[in-house]
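Text of coords26.txt (compact mmCIF, C-alpha atoms) as supplied:
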```txt
# COMPACT_ATOMS: atom_id res chain seq x y z
CA MET L 23 -115.45 140.51 126.98
CA VAL L 24 -113.72 143.01 129.27
CA GLU L 25 -116.75 145.30 129.33
CA LYS L 26 -119.03 142.38 130.11
CA ALA L 27 -116.77 141.24 132.97
CA LEU L 28 -116.73 144.72 134.46
CA ALA L 29 -120.42 145.32 133.69
CA ARG L 30 -119.42 148.75 132.42
CA PRO L 31 -117.41 150.25 129.55
CA PHE L 32 -113.72 149.48 129.61
CA ASN L 33 -111.55 152.59 129.71
CA TYR L 34 -109.38 152.18 126.63
CA VAL L 35 -107.71 155.50 127.41
CA LEU L 36 -105.85 153.78 130.23
CA TYR L 37 -104.72 151.02 127.89
CA PRO L 38 -104.45 152.42 124.35
CA GLU L 39 -101.89 149.78 123.42
CA VAL L 40 -104.64 147.15 123.59
CA LEU L 41 -106.16 148.75 120.53
CA CYS L 42 -102.91 148.48 118.55
CA SER L 43 -101.39 145.17 119.63
CA THR L 44 -101.66 142.27 122.01
CA ARG L 45 -98.74 143.45 124.18
CA GLY L 46 -100.99 145.31 126.60
CA ILE L 47 -103.47 142.50 127.19
CA PRO L 48 -101.80 141.12 130.36
CA GLU L 49 -101.75 144.56 131.98
CA ALA L 50 -105.34 145.24 130.90
CA TRP L 51 -106.40 141.85 132.27
CA GLN L 52 -104.77 142.64 135.63
CA TYR L 53 -106.71 145.90 135.70
CA CYS L 54 -109.97 143.99 135.07
CA VAL L 55 -109.24 141.46 137.80
CA LYS L 56 -108.46 144.27 140.21
CA GLN L 57 -111.71 146.05 139.33
CA LEU L 58 -113.71 142.87 139.80
CA SER L 59 -112.15 142.23 143.19
CA ILE L 60 -113.17 145.64 144.64
CA PRO L 61 -116.82 146.14 143.68
CA HIS L 62 -117.46 148.48 146.61
CA LEU L 63 -115.09 150.98 145.01
CA ASP L 64 -117.07 150.88 141.78
CA GLN L 65 -120.27 151.26 143.79
CA GLN L 66 -119.00 154.46 145.42
CA THR L 67 -117.74 155.79 142.10
CA ASP L 68 -121.04 155.03 140.37
CA ASP L 69 -123.06 156.60 143.21
CA SER L 70 -120.91 159.72 143.07
CA LEU L 71 -121.31 159.90 139.31
CA ILE L 72 -125.10 159.60 139.55
CA GLU L 73 -125.18 162.41 142.11
CA LYS L 74 -123.15 164.62 139.75
CA ILE L 75 -125.52 163.77 136.91
CA LYS L 76 -128.59 164.54 139.03
CA ASP L 77 -127.04 167.84 140.10
CA TYR L 78 -126.33 168.71 136.47
CA ILE L 79 -129.92 167.88 135.50
CA ALA L 80 -131.25 170.06 138.33
CA ARG L 81 -129.25 173.01 137.01
CA HIS L 82 -129.84 172.44 133.27
CA TYR L 83 -133.31 170.84 132.97
CA GLY L 84 -134.42 173.64 130.65
CA GLU L 85 -131.80 172.73 128.06
CA ASP L 86 -131.79 169.99 125.44
CA LEU L 87 -130.88 167.08 127.71
CA THR L 88 -131.26 164.06 125.49
CA LEU L 89 -129.85 160.79 126.72
CA GLU L 90 -127.14 161.03 124.08
CA ALA L 91 -126.19 164.61 125.01
CA LEU L 92 -125.97 163.87 128.71
CA SER L 93 -124.09 160.62 128.12
CA ALA L 94 -121.54 162.47 126.02
CA ARG L 95 -121.21 165.19 128.66
CA PHE L 96 -120.21 162.56 131.23
CA ALA L 97 -118.17 160.48 128.75
CA LEU L 98 -120.42 157.44 129.01
CA ASN L 99 -121.91 155.09 126.48
CA PRO L 100 -125.64 156.00 126.20
CA SER L 101 -126.72 152.40 126.78
CA TYR L 102 -124.52 152.08 129.86
CA PHE L 103 -125.64 155.50 131.12
CA SER L 104 -129.29 154.54 130.79
CA SER L 105 -128.78 151.23 132.57
CA LEU L 106 -126.68 152.72 135.38
CA PHE L 107 -129.09 155.61 135.94
CA HIS L 108 -132.05 153.26 136.19
CA GLN L 109 -130.17 150.87 138.46
CA LYS L 110 -129.05 153.59 140.88
CA THR L 111 -132.20 155.73 140.95
CA GLY L 112 -134.97 153.21 140.31
CA ILE L 113 -136.35 155.42 137.52
CA ARG L 114 -135.58 155.72 133.84
CA TYR L 115 -133.60 158.81 132.81
CA LYS L 116 -136.37 160.20 130.60
CA ASP L 117 -138.95 159.78 133.38
CA TYR L 118 -136.61 161.44 135.89
CA LEU L 119 -136.06 164.44 133.60
CA THR L 120 -139.80 164.71 132.95
CA ARG L 121 -140.50 164.66 136.69
CA ILE L 122 -138.02 167.50 137.26
CA ARG L 123 -139.46 169.53 134.38
CA VAL L 124 -143.09 169.05 135.47
CA THR L 125 -142.25 169.93 139.06
CA GLU L 126 -140.63 173.16 137.93
CA ALA L 127 -143.54 173.90 135.58
CA LYS L 128 -145.97 173.48 138.47
CA ARG L 129 -143.93 175.92 140.53
CA LEU L 130 -143.90 178.46 137.70
CA LEU L 131 -147.62 178.06 137.03
CA ILE L 132 -148.37 178.90 140.65
CA ASN L 133 -145.74 181.56 141.30
CA SER L 134 -145.50 183.47 138.03
CA ASP L 135 -147.59 185.23 135.44
CA LEU L 136 -145.67 183.66 132.57
CA LYS L 137 -147.70 182.34 129.67
CA ILE L 138 -147.91 178.57 129.40
CA CYS L 139 -145.87 178.63 126.19
CA GLU L 140 -143.13 180.56 128.02
CA ILE L 141 -143.16 178.10 130.90
CA SER L 142 -143.03 175.24 128.43
CA GLN L 143 -139.87 176.62 126.85
CA GLN L 144 -138.32 177.55 130.17
CA VAL L 145 -138.59 173.98 131.46
CA GLY L 146 -137.19 172.40 128.30
CA PHE L 147 -140.12 171.72 125.98
CA THR L 148 -140.01 173.32 122.55
CA ASP L 149 -143.57 172.28 121.64
CA VAL L 150 -146.30 173.64 123.94
CA ARG L 151 -148.78 170.97 122.83
CA TYR L 152 -146.35 168.21 123.75
CA PHE L 153 -145.66 169.96 127.06
CA SER L 154 -149.40 170.02 127.79
CA GLN L 155 -149.70 166.30 126.98
CA VAL L 156 -146.76 165.43 129.25
CA PHE L 157 -148.10 167.68 132.02
CA LEU L 158 -151.57 166.12 131.73
CA LYS L 159 -150.14 162.61 131.89
CA ALA L 160 -148.02 163.48 134.94
CA THR L 161 -150.59 165.47 136.93
CA GLY L 162 -153.99 164.51 135.57
CA VAL L 163 -154.80 168.09 134.54
CA LEU L 164 -153.75 170.48 131.80
CA PRO L 165 -151.37 173.31 132.74
CA LYS L 166 -154.08 175.99 132.39
CA ASP L 167 -156.42 174.00 134.66
CA TYR L 168 -153.63 173.42 137.18
CA ARG L 169 -153.02 177.16 137.35
CA SER L 170 -156.71 178.05 137.68
CA ARG L 171 -157.21 175.55 140.54
CA GLN L 172 -154.52 177.14 142.68
CA PRO L 173 -155.59 179.70 145.33
```
As structure tokens:
Amino acid sequence: MVEKALARPFNYVLYPEVLCSTRGIPEAWQYCVKQLSIPHLDQQTDDSLIEKIKDYIARHYGEDLTLEALSARFALNPSYFSSLFHQKTGIRYKDYLTRIRVTEAKRLLINSDLKICEISQQVGFTDVRYFSQVFLKATGVLPKDYRSRQP
């Protein structure tokens, strides 16, 4: 009920006594009411968090950045993370990560002599065939064709 009222996970760390007894409920309820009465504060906090997440993705796109892994890194419930990310960016997390990876792959295809399998791994894809499928879907051409069309 608390999480639904706040439209985000309730921080039980602040109120661990709620988990053990009913004594902490009044204090926890006051916290909820306070949070509901200052939505602009949550907005700023959420925007700041999304910027930190986007910055992290920009620096670590080549790593295994599953929704679950990134959610855990930022101590968020995966479902809440997914919803918040989509709400604040207008794009689903997986699509955002794919866009970053394809953009970097395009840069590497043009500016390096790396093999396509090496580029695939460098941008976070372990399977070169899957990378080629994703690249084709995103750009309309296969990675090898993209490279050959560049001056």
Quiz prompt | Counting all atoms listed in the file, the residue of L:Tyr115, L:Tyr78, L:Phe147, L:Tyr152 that sits nearest Phe103 of chain L | solution =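 That would be L:Tyr115, the residue with the smallest distance to Phe103 of chain L.
Interatomic distance, atom CA of Ile132 of chain L against atom CA of Lys159 of chain L: 18.6 Å.
The residue that comes closest to Asp68 of chain L, out of L:Thr111, L:Ser101, L:Gln172, L:Thr88 and on the basis of all atoms listed in the file, is L:Thr111.
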Quiz prompt | Separation of atom CA of Lys166 of chain L from atom CA of Leu87 of chain L in Å | solution =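 Spanning atom CA of Leu87 of chain L to atom CA of Lys166 of chain L is a straight-line distance of 25.3 Å.
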Self-check item: Residue with smallest distance to Phe157 of chain L - pool L:Thr125, L:Gln144, L:Ser93, L:Asn99, counting all atoms listed in the file
Solution: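 Nearest to Phe157 of chain L: L:Thr125.
Put simply, atom CA of Arg114 of chain L is 17.0 Å away from atom CA of Asp86 of chain L.
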Quiz prompt | Distance criterion (all atoms listed in the file): nearest to Asp167 of chain L out of L:Gly146, L:Ser154, L:Ile79, L:Tyr102 | solution = L:Ser154
Quiz item: Using all atoms listed in the file, which of L:Leu119, L:Leu130, L:Leu98, L:Phe153 sits nearest Lys76 of chain L?
Solution: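 So, comparing all the options, the nearest one is L:Leu119.
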Quiz item: So which one's closest to Gly162 of chain L, L:Val124, L:Asp149, L:Arg81, L:Cys139? Using all atoms listed in the file, please.
Solution: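 Closest candidate: L:Val124.
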Self-check item: Non-local contacts of Glu126 of chain L (9 Å; all atoms listed in the file; under 4 positions in same chain excluded) as JSON, numbers by chain
Solution: {"L": [121, 122, 130, 131, 141, 145]}
Just the selected residues (C-alpha atoms), exported as a PDB file, in the frame of the given file, please.
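Saved as result.pdb:
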```
ATOM      1  CA  ARG L 121    -140.500 164.660 136.690  1.00  0.00           C
ATOM      2  CA  ILE L 122    -138.020 167.500 137.260  1.00  0.00           C
ATOM      3  CA  LEU L 130    -143.900 178.460 137.700  1.00  0.00           C
ATOM      4  CA  LEU L 131    -147.620 178.060 137.030  1.00  0.00           C
ATOM      5  CA  ILE L 141    -143.160 178.100 130.900  1.00  0.00           C
ATOM      6  CA  VAL L 145    -138.590 173.980 131.460  1.00  0.00           C
TER       7      VAL L 145
END
```
Would you mind completing segment 66-98 of chain L to N, CA and C atoms and writing the output as a CSV table (one decimal), in the frame of the given file?
```csv
chain,number,residue,atom,x,y,z
L,66,GLN,N,-119.2,153.1,145.0
L,66,GLN,CA,-119.0,154.5,145.4
L,66,GLN,C,-118.8,155.4,144.2
L,67,THR,N,-118.0,155.0,143.3
L,67,THR,CA,-117.7,155.8,142.1
L,67,THR,C,-119.0,156.0,141.3
L,68,ASP,N,-119.8,154.9,141.1
L,68,ASP,CA,-121.0,155.0,140.4
L,68,ASP,C,-122.0,155.9,141.1
L,69,ASP,N,-122.1,155.8,142.4
L,69,ASP,CA,-123.1,156.6,143.2
L,69,ASP,C,-122.7,158.1,143.1
L,70,SER,N,-121.4,158.4,143.2
L,70,SER,CA,-120.9,159.7,143.1
L,70,SER,C,-121.2,160.3,141.7
L,71,LEU,N,-121.0,159.5,140.7
L,71,LEU,CA,-121.3,159.9,139.3
L,71,LEU,C,-122.8,160.2,139.1
L,72,ILE,N,-123.7,159.4,139.7
L,72,ILE,CA,-125.1,159.6,139.6
L,72,ILE,C,-125.5,160.9,140.3
L,73,GLU,N,-124.9,161.2,141.4
L,73,GLU,CA,-125.2,162.4,142.1
L,73,GLU,C,-124.7,163.6,141.3
L,74,LYS,N,-123.6,163.5,140.6
L,74,LYS,CA,-123.2,164.6,139.8
L,74,LYS,C,-124.1,164.8,138.6
L,75,ILE,N,-124.6,163.7,138.0
L,75,ILE,CA,-125.5,163.8,136.9
L,75,ILE,C,-126.8,164.4,137.4
L,76,LYS,N,-127.3,164.0,138.5
L,76,LYS,CA,-128.6,164.5,139.0
L,76,LYS,C,-128.4,166.0,139.3
L,77,ASP,N,-127.3,166.4,139.8
L,77,ASP,CA,-127.0,167.8,140.1
L,77,ASP,C,-127.0,168.6,138.8
L,78,TYR,N,-126.4,168.1,137.8
L,78,TYR,CA,-126.3,168.7,136.5
L,78,TYR,C,-127.7,168.9,135.9
L,79,ILE,N,-128.6,167.8,136.0
L,79,ILE,CA,-129.9,167.9,135.5
L,79,ILE,C,-130.7,169.0,136.2
L,80,ALA,N,-130.5,169.1,137.5
L,80,ALA,CA,-131.2,170.1,138.3
L,80,ALA,C,-130.9,171.5,137.9
L,81,ARG,N,-129.7,171.7,137.4
L,81,ARG,CA,-129.2,173.0,137.0
L,81,ARG,C,-129.5,173.3,135.5
L,82,HIS,N,-129.7,172.2,134.7
L,82,HIS,CA,-129.8,172.4,133.3
L,82,HIS,C,-131.1,171.8,132.7
L,83,TYR,N,-132.1,171.5,133.5
L,83,TYR,CA,-133.3,170.8,133.0
L,83,TYR,C,-134.0,171.6,131.8
L,84,GLY,N,-133.8,172.9,131.7
L,84,GLY,CA,-134.4,173.6,130.6
L,84,GLY,C,-133.7,173.5,129.3
L,85,GLU,N,-132.6,172.9,129.3
L,85,GLU,CA,-131.8,172.7,128.1
L,85,GLU,C,-132.2,171.4,127.4
L,86,ASP,N,-131.6,171.2,126.2
L,86,ASP,CA,-131.8,170.0,125.4
L,86,ASP,C,-131.0,168.9,126.1
L,87,LEU,N,-131.6,168.1,127.0
L,87,LEU,CA,-130.9,167.1,127.7
L,87,LEU,C,-131.3,165.7,127.2
L,88,THR,N,-131.0,165.4,126.0
L,88,THR,CA,-131.3,164.1,125.5
L,88,THR,C,-130.3,163.1,126.2
L,89,LEU,N,-130.7,161.8,126.1
L,89,LEU,CA,-129.8,160.8,126.7
L,89,LEU,C,-128.5,160.8,126.1
L,90,GLU,N,-128.4,161.0,124.8
L,90,GLU,CA,-127.1,161.0,124.1
L,90,GLU,C,-126.3,162.2,124.5
L,91,ALA,N,-126.9,163.4,124.6
L,91,ALA,CA,-126.2,164.6,125.0
L,91,ALA,C,-125.6,164.5,126.4
L,92,LEU,N,-126.4,164.0,127.3
L,92,LEU,CA,-126.0,163.9,128.7
L,92,LEU,C,-124.9,162.8,128.8
L,93,SER,N,-125.1,161.7,128.1
L,93,SER,CA,-124.1,160.6,128.1
L,93,SER,C,-122.7,161.2,127.6
L,94,ALA,N,-122.8,161.9,126.6
L,94,ALA,CA,-121.5,162.5,126.0
L,94,ALA,C,-120.9,163.4,127.0
L,95,ARG,N,-121.7,164.2,127.7
L,95,ARG,CA,-121.2,165.2,128.7
L,95,ARG,C,-120.4,164.5,129.8
L,96,PHE,N,-120.9,163.3,130.2
L,96,PHE,CA,-120.2,162.6,131.2
L,96,PHE,C,-119.4,161.4,130.7
L,97,ALA,N,-119.1,161.4,129.4
L,97,ALA,CA,-118.2,160.5,128.8
L,97,ALA,C,-118.6,159.0,129.0
L,98,LEU,N,-119.9,158.8,128.8
L,98,LEU,CA,-120.4,157.4,129.0
L,98,LEU,C,-121.1,157.0,127.7
```
